[in-house]
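Source file input_24.cif; content: mmCIF, C-alpha atoms, pLDDT in the B column; chains and numbers go by the auth columns.
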data_my_file
loop_
_atom_site.group_PDB
_atom_site.id
_atom_site.type_symbol
_atom_site.label_atom_id
_atom_site.label_comp_id
_atom_site.label_asym_id
_atom_site.label_seq_id
_atom_site.Cartn_x
_atom_site.Cartn_y
_atom_site.Cartn_z
_atom_site.B_iso_or_equiv
_atom_site.auth_seq_id
_atom_site.auth_asym_id
ATOM 1 C CA MET A 1 116.178 -125.038 -201.330 91.00 18 J
ATOM 2 C CA ASP A 2 117.967 -127.663 -203.395 92.00 19 J
ATOM 3 C CA PRO A 3 117.944 -126.565 -207.089 94.00 20 J
ATOM 4 C CA GLU A 4 116.798 -130.048 -208.152 95.00 21 J
ATOM 5 C CA ASN A 5 113.762 -129.767 -205.894 96.00 22 J
ATOM 6 C CA GLN A 6 113.021 -126.305 -207.258 97.00 23 J
ATOM 7 C CA SER A 7 113.159 -127.696 -210.770 98.00 24 J
ATOM 8 C CA GLU A 8 110.774 -130.531 -209.883 98.00 25 J
ATOM 9 C CA ILE A 9 108.298 -128.139 -208.233 98.00 26 J
ATOM 10 C CA LYS A 10 108.400 -125.885 -211.302 98.00 27 J
ATOM 11 C CA ARG A 11 107.671 -128.892 -213.513 98.00 28 J
ATOM 12 C CA LEU A 12 104.724 -129.944 -211.330 98.00 29 J
ATOM 13 C CA VAL A 13 103.241 -126.441 -211.511 98.00 30 J
ATOM 14 C CA ASP A 14 103.573 -126.492 -215.301 97.00 31 J
ATOM 15 C CA GLU A 15 101.915 -129.914 -215.395 97.00 32 J
ATOM 16 C CA HIS A 16 99.102 -129.512 -212.858 97.00 33 J
ATOM 17 C CA GLY A 17 98.654 -125.758 -212.398 97.00 34 J
ATOM 18 C CA ALA A 18 99.385 -123.813 -209.208 96.00 35 J
ATOM 19 C CA GLU A 19 95.683 -123.784 -208.272 95.00 36 J
ATOM 20 C CA ASN A 20 95.679 -127.577 -207.903 96.00 37 J
ATOM 21 C CA LEU A 21 98.804 -127.856 -205.770 98.00 38 J
ATOM 22 C CA VAL A 22 99.593 -127.352 -202.118 98.00 39 J
ATOM 23 C CA VAL A 23 103.014 -127.455 -200.437 98.00 40 J
ATOM 24 C CA VAL A 24 103.210 -129.065 -197.012 98.00 41 J
ATOM 25 C CA LEU A 25 106.349 -128.435 -194.964 98.00 42 J
ATOM 26 C CA GLY A 26 107.911 -130.470 -192.167 97.00 43 J
ATOM 27 C CA ALA A 27 110.774 -128.281 -190.968 96.00 44 J
ATOM 28 C CA ALA A 28 110.663 -126.800 -187.468 95.00 45 J
ATOM 29 C CA ASP A 29 113.401 -124.195 -187.773 94.00 46 J
ATOM 30 C CA PRO A 30 111.907 -120.730 -188.490 93.00 47 J
ATOM 31 C CA GLU A 31 114.623 -119.884 -191.000 94.00 48 J
ATOM 32 C CA ALA A 32 114.136 -123.178 -192.858 95.00 49 J
ATOM 33 C CA LEU A 33 110.384 -122.558 -193.004 96.00 50 J
ATOM 34 C CA GLU A 34 110.927 -119.031 -194.258 95.00 51 J
ATOM 35 C CA VAL A 35 113.279 -120.139 -197.040 95.00 52 J
ATOM 36 C CA ALA A 36 110.980 -122.966 -198.164 95.00 53 J
ATOM 37 C CA ALA A 37 107.817 -120.850 -198.077 96.00 54 J
ATOM 38 C CA GLU A 38 109.427 -117.941 -199.883 96.00 55 J
ATOM 39 C CA THR A 39 110.890 -120.203 -202.569 97.00 56 J
ATOM 40 C CA VAL A 40 107.489 -121.609 -203.594 97.00 57 J
ATOM 41 C CA THR A 41 105.648 -118.288 -203.367 96.00 58 J
ATOM 42 C CA GLU A 42 107.925 -115.367 -204.219 96.00 59 J
ATOM 43 C CA GLY A 43 110.877 -117.227 -205.734 97.00 60 J
ATOM 44 C CA ASP A 44 114.264 -118.540 -204.614 97.00 61 J
ATOM 45 C CA PRO A 45 115.586 -115.998 -202.058 96.00 62 J
ATOM 46 C CA ALA A 46 119.153 -117.077 -202.829 95.00 63 J
ATOM 47 C CA TYR A 47 118.660 -116.343 -206.559 95.00 64 J
ATOM 48 C CA VAL A 48 120.564 -119.466 -207.596 94.00 65 J
ATOM 49 C CA GLY A 49 117.932 -122.088 -208.403 96.00 66 J
ATOM 50 C CA PRO A 50 115.377 -122.483 -211.216 97.00 67 J
ATOM 51 C CA LEU A 51 112.797 -120.590 -209.129 98.00 68 J
ATOM 52 C CA ALA A 52 114.912 -117.425 -208.856 97.00 69 J
ATOM 53 C CA GLY A 53 112.569 -114.590 -209.788 97.00 70 J
ATOM 54 C CA VAL A 54 109.688 -117.043 -210.384 97.00 71 J
ATOM 55 C CA GLN A 55 106.589 -116.250 -208.324 97.00 72 J
ATOM 56 C CA LEU A 56 104.659 -119.509 -208.148 97.00 73 J
ATOM 57 C CA GLY A 57 102.318 -118.299 -205.409 96.00 74 J
ATOM 58 C CA LEU A 58 101.664 -121.809 -204.124 97.00 75 J
ATOM 59 C CA PRO A 59 99.668 -122.261 -200.919 96.00 76 J
ATOM 60 C CA VAL A 60 101.954 -123.405 -198.086 97.00 77 J
ATOM 61 C CA VAL A 61 101.037 -125.076 -194.827 97.00 78 J
ATOM 62 C CA HIS A 62 102.915 -127.041 -192.174 98.00 79 J
ATOM 63 C CA ILE A 63 102.017 -130.621 -191.353 98.00 80 J
ATOM 64 C CA PHE A 64 101.371 -129.523 -187.740 97.00 81 J
ATOM 65 C CA GLU A 65 98.582 -127.296 -189.091 96.00 82 J
ATOM 66 C CA MET A 66 97.000 -130.288 -190.842 96.00 83 J
ATOM 67 C CA LYS A 67 96.316 -132.280 -187.670 95.00 84 J
ATOM 68 C CA GLY A 68 92.552 -131.852 -187.980 95.00 85 J
ATOM 69 C CA GLU A 69 92.503 -133.098 -191.578 96.00 86 J
ATOM 70 C CA VAL A 70 94.657 -136.186 -191.112 97.00 87 J
ATOM 71 C CA ASP A 71 93.477 -139.593 -189.887 97.00 88 J
ATOM 72 C CA PRO A 72 94.274 -139.422 -186.129 98.00 89 J
ATOM 73 C CA ALA A 73 95.923 -142.854 -186.063 98.00 90 J
ATOM 74 C CA VAL A 74 98.161 -141.989 -189.009 98.00 91 J
ATOM 75 C CA TYR A 75 99.040 -138.592 -187.532 98.00 92 J
ATOM 76 C CA GLU A 76 99.940 -140.143 -184.198 97.00 93 J
ATOM 77 C CA ALA A 77 102.083 -142.827 -185.832 98.00 94 J
ATOM 78 C CA GLU A 78 103.908 -140.547 -188.266 97.00 95 J
ATOM 79 C CA VAL A 79 104.088 -137.172 -186.513 97.00 96 J
ATOM 80 C CA GLY A 80 102.904 -137.590 -182.923 96.00 97 J
ATOM 81 C CA PHE A 81 106.268 -138.277 -181.326 94.00 98 J
ATOM 82 C CA LEU A 82 108.035 -135.641 -183.422 94.00 99 J
ATOM 83 C CA GLU A 83 105.447 -133.073 -182.391 94.00 100 J
ATOM 84 C CA LEU A 84 106.325 -133.752 -178.755 94.00 101 J
ATOM 85 C CA THR A 85 110.034 -133.202 -179.337 94.00 102 J
ATOM 86 C CA LEU A 86 109.646 -130.041 -181.446 95.00 103 J
ATOM 87 C CA ASP A 87 107.799 -126.776 -180.777 94.00 104 J
ATOM 88 C CA PRO A 88 104.498 -126.867 -182.704 95.00 105 J
ATOM 89 C CA ASP A 89 103.287 -123.541 -181.308 95.00 106 J
ATOM 90 C CA ALA A 90 106.397 -121.779 -182.596 96.00 107 J
ATOM 91 C CA VAL A 91 105.947 -123.472 -185.973 96.00 108 J
ATOM 92 C CA ARG A 92 102.308 -122.353 -186.210 96.00 109 J
ATOM 93 C CA GLU A 93 103.288 -118.806 -185.247 96.00 110 J
ATOM 94 C CA THR A 94 106.015 -118.763 -187.895 96.00 111 J
ATOM 95 C CA MET A 95 103.656 -120.079 -190.590 96.00 112 J
ATOM 96 C CA SER A 96 101.010 -117.533 -189.640 95.00 113 J
ATOM 97 C CA ARG A 97 103.566 -114.720 -189.791 95.00 114 J
ATOM 98 C CA LEU A 98 104.850 -115.888 -193.178 93.00 115 J
ATOM 99 C CA ARG A 99 101.336 -115.996 -194.637 89.00 116 J
ATOM 100 C CA ASP A 100 100.534 -112.547 -193.227 88.00 117 J
ATOM 101 C CA SER A 101 103.670 -111.183 -194.878 82.00 118 J
ATOM 102 C CA GLY A 102 102.745 -112.763 -198.207 67.00 119 J
ATOM 103 C CA GLY A 103 105.320 -115.533 -198.006 55.00 120 J
ATOM 104 C CA GLY A 104 102.999 -118.485 -198.419 55.00 121 J
ATOM 105 C CA GLY A 105 99.385 -119.468 -198.519 52.00 122 J
ATOM 106 C CA MET B 1 93.461 -126.086 -195.160 84.00 24 F
ATOM 107 C CA GLU B 2 91.372 -128.608 -197.103 87.00 25 F
ATOM 108 C CA VAL B 3 93.689 -130.818 -199.143 93.00 26 F
ATOM 109 C CA ARG B 4 91.212 -133.509 -200.229 94.00 27 F
ATOM 110 C CA GLY B 5 91.400 -133.873 -204.001 94.00 28 F
ATOM 111 C CA LYS B 6 94.485 -131.649 -204.234 96.00 29 F
ATOM 112 C CA LYS B 7 97.914 -132.617 -205.429 98.00 30 F
ATOM 113 C CA ALA B 8 100.400 -132.193 -202.626 98.00 31 F
ATOM 114 C CA ILE B 9 104.133 -131.601 -202.419 98.00 32 F
ATOM 115 C CA ALA B 10 105.586 -133.029 -199.199 98.00 33 F
ATOM 116 C CA LEU B 11 108.740 -131.102 -198.281 98.00 34 F
ATOM 117 C CA GLY B 12 110.079 -132.637 -195.119 97.00 35 F
ATOM 118 C CA GLU B 13 113.209 -131.926 -193.161 95.00 36 F
ATOM 119 C CA ARG B 14 115.725 -134.432 -191.881 94.00 37 F
ATOM 120 C CA ASP B 15 115.863 -133.102 -188.310 92.00 38 F
ATOM 121 C CA SER B 16 112.128 -132.463 -188.030 95.00 39 F
ATOM 122 C CA VAL B 17 109.302 -134.203 -189.908 97.00 40 F
ATOM 123 C CA PRO B 18 110.560 -136.212 -192.914 97.00 41 F
ATOM 124 C CA GLY B 19 108.815 -136.132 -196.277 98.00 42 F
ATOM 125 C CA GLU B 20 107.557 -139.709 -196.057 98.00 43 F
ATOM 126 C CA ALA B 21 105.746 -139.026 -192.782 98.00 44 F
ATOM 127 C CA ILE B 22 104.092 -135.945 -194.293 98.00 45 F
ATOM 128 C CA ALA B 23 103.066 -137.964 -197.339 98.00 46 F
ATOM 129 C CA GLN B 24 101.424 -140.677 -195.218 98.00 47 F
ATOM 130 C CA CYS B 25 99.411 -138.024 -193.389 98.00 48 F
ATOM 131 C CA LEU B 26 98.368 -136.245 -196.581 98.00 49 F
ATOM 132 C CA THR B 27 97.263 -139.460 -198.244 98.00 50 F
ATOM 133 C CA SER B 28 95.030 -140.197 -195.258 98.00 51 F
ATOM 134 C CA ALA B 29 93.577 -136.689 -195.633 97.00 52 F
ATOM 135 C CA GLY B 30 92.599 -137.425 -199.229 97.00 53 F
ATOM 136 C CA ALA B 31 95.387 -135.627 -201.087 98.00 54 F
ATOM 137 C CA GLU B 32 97.354 -137.060 -203.977 98.00 55 F
ATOM 138 C CA VAL B 33 101.027 -136.738 -203.100 98.00 56 F
ATOM 139 C CA VAL B 34 102.993 -135.950 -206.269 98.00 57 F
ATOM 140 C CA MET B 35 106.403 -135.189 -204.752 98.00 58 F
ATOM 141 C CA ILE B 36 108.151 -136.318 -201.584 98.00 59 F
ATOM 142 C CA ARG B 37 111.451 -134.837 -200.453 97.00 60 F
ATOM 143 C CA THR B 38 113.372 -134.679 -197.202 96.00 61 F
ATOM 144 C CA GLU B 39 115.767 -131.771 -197.195 91.00 62 F
ATOM 145 C CA CYS B 40 118.651 -131.096 -194.881 87.00 63 F
ATOM 146 C CA PHE B 41 118.652 -127.485 -193.779 72.00 64 F
ATOM 147 C CA VAL B 42 121.988 -126.310 -192.430 66.00 65 F
#

Entire entry expressed as structure tokens:
Amino acid sequence: MDPENQSEIKRLVDEHGAENLVVVLGAADPEALEVAAETVTEGDPAYVGPLAGVQLGLPVVHIFEMKGEVDPAVYEAEVGFLELTLDPDAVRETMSRLRDSGGGG
Amino acid sequence: MEVRGKKAIALGERDSVPGEAIAQCLTSAGAEVVMIRTECFV
């Protein structure tokens, strides 16, 4: 993850507290999801950014997993088409696996 | 996951769902979006 984004996330945790924050991802690639989820839970896996060795333990979900919480019209307009072109089942499986392994949520 | 009343970080991806789209969804779900980014994973 971009070091600048890591720095901003760290600042938000300091400001609001990890218990009040949730990270919502939009990537579809399993590796991208793994890197993002690990960065905000266990720390930067590349050990180069501000979150290297910093275990924030933030809850992580994917926007595809939020379908039931979002206004249906907004979801359809913003994500509906993308969901058709990507593989939401694979994304949900990846997110579930990451949470089971402690890498998010 | 219930996000109503929570502060949310929208981390989108250029080739998938961008941050702005995530933020719109989260706002409609009652979250306060405090950070929006669209990364490029290569």

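All residues of protein, DNA or RNA that reach within 10 Å of Glu51 of chain J, judged by all atoms listed in the file and not counting those fewer than 5 positions away in the chain, are Ala44, Asp46, Thr56, Pro62, Thr111, Met112, Arg114, Leu115, Gly120 and Gly121 of chain J.
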
Contacts of Leu50 of chain J within 12 Å, only C-alpha atoms, excl. fewer than 3 positions in-chain, as JSON, numbers by chain: {"J": [18, 40, 41, 42, 43, 44, 45, 46, 47, 53, 54, 55, 56, 57, 77, 78, 79, 80, 107, 108, 109, 110, 111, 112, 113, 114, 115, 116, 120, 121], "F": [34, 35, 36, 39, 62, 64]}

Those residues you just picked out, can you put them in a file as an mmCIF file, keeping the file's coordinate frame with C-alpha atoms?
data_model
loop_
_atom_site.group_PDB
_atom_site.id
_atom_site.type_symbol
_atom_site.label_atom_id
_atom_site.label_comp_id
_atom_site.auth_asym_id
_atom_site.auth_seq_id
_atom_site.Cartn_x
_atom_site.Cartn_y
_atom_site.Cartn_z
ATOM 1 C CA MET J 18 116.178 -125.038 -201.330
ATOM 2 C CA VAL J 40 103.014 -127.455 -200.437
ATOM 3 C CA VAL J 41 103.210 -129.065 -197.012
ATOM 4 C CA LEU J 42 106.349 -128.435 -194.964
ATOM 5 C CA GLY J 43 107.911 -130.470 -192.167
ATOM 6 C CA ALA J 44 110.774 -128.281 -190.968
ATOM 7 C CA ALA J 45 110.663 -126.800 -187.468
ATOM 8 C CA ASP J 46 113.401 -124.195 -187.773
ATOM 9 C CA PRO J 47 111.907 -120.730 -188.490
ATOM 10 C CA ALA J 53 110.980 -122.966 -198.164
ATOM 11 C CA ALA J 54 107.817 -120.850 -198.077
ATOM 12 C CA GLU J 55 109.427 -117.941 -199.883
ATOM 13 C CA THR J 56 110.890 -120.203 -202.569
ATOM 14 C CA VAL J 57 107.489 -121.609 -203.594
ATOM 15 C CA VAL J 77 101.954 -123.405 -198.086
ATOM 16 C CA VAL J 78 101.037 -125.076 -194.827
ATOM 17 C CA HIS J 79 102.915 -127.041 -192.174
ATOM 18 C CA ILE J 80 102.017 -130.621 -191.353
ATOM 19 C CA ALA J 107 106.397 -121.779 -182.596
ATOM 20 C CA VAL J 108 105.947 -123.472 -185.973
ATOM 21 C CA ARG J 109 102.308 -122.353 -186.210
ATOM 22 C CA GLU J 110 103.288 -118.806 -185.247
ATOM 23 C CA THR J 111 106.015 -118.763 -187.895
ATOM 24 C CA MET J 112 103.656 -120.079 -190.590
ATOM 25 C CA SER J 113 101.010 -117.533 -189.640
ATOM 26 C CA ARG J 114 103.566 -114.720 -189.791
ATOM 27 C CA LEU J 115 104.850 -115.888 -193.178
ATOM 28 C CA ARG J 116 101.336 -115.996 -194.637
ATOM 29 C CA GLY J 120 105.320 -115.533 -198.006
ATOM 30 C CA GLY J 121 102.999 -118.485 -198.419
ATOM 31 C CA LEU F 34 108.740 -131.102 -198.281
ATOM 32 C CA GLY F 35 110.079 -132.637 -195.119
ATOM 33 C CA GLU F 36 113.209 -131.926 -193.161
ATOM 34 C CA SER F 39 112.128 -132.463 -188.030
ATOM 35 C CA GLU F 62 115.767 -131.771 -197.195
ATOM 36 C CA PHE F 64 118.652 -127.485 -193.779
#

Please enumerate the residues selected by the PyMOL selection byres ((chain F and resi 46) around 9) when evaluated against the supplied file, formatted as a PyMOL selection string. (chain J and resi 41) or (chain F and resi 31-34+41-45+47-51+54-56+58-59)

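Between chain F and the residues J:Ala69, J:Ala63, J:Leu99, J:Leu75, the shortest atom-to-atom distance, using all atoms listed in the file, involves J:Leu99.
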
Distance in Å - atom CA of Asp31 of chain J versus atom CA of Lys29 of chain F: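 Value for the atom CA of Asp31 of chain J-atom CA of Lys29 of chain F distance: 15.2 Å.
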
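The nearest approach to chain J among the residues F:Arg37, F:Ala52, F:Val57, F:Arg27, with all atoms listed in the file taken into account, belongs to F:Ala52.
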
Only residues of chain J matter here; which ones have an atom within 10 Å of chain F, counting all atoms listed in the file? Give them as a ChimeraX atom specification. /J:18-19,22,25-26,29,33-46,48-50,52-53,76-96,98-100,102-103,122

Record the distance separating atom CA of Asp106 of chain J and atom CA of Gly60 of chain J, expressed in Å with one decimal.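 According to the coordinates, atom CA of Asp106 of chain J and atom CA of Gly60 of chain J are separated by 26.3 Å.
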
May I ask for the distance between atom CA of Gly74 of chain J and atom CA of Pro105 of chain J, given in Å to one decimal place?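 Calculated distance between atom CA of Gly74 of chain J and atom CA of Pro105 of chain J is 24.4 Å.
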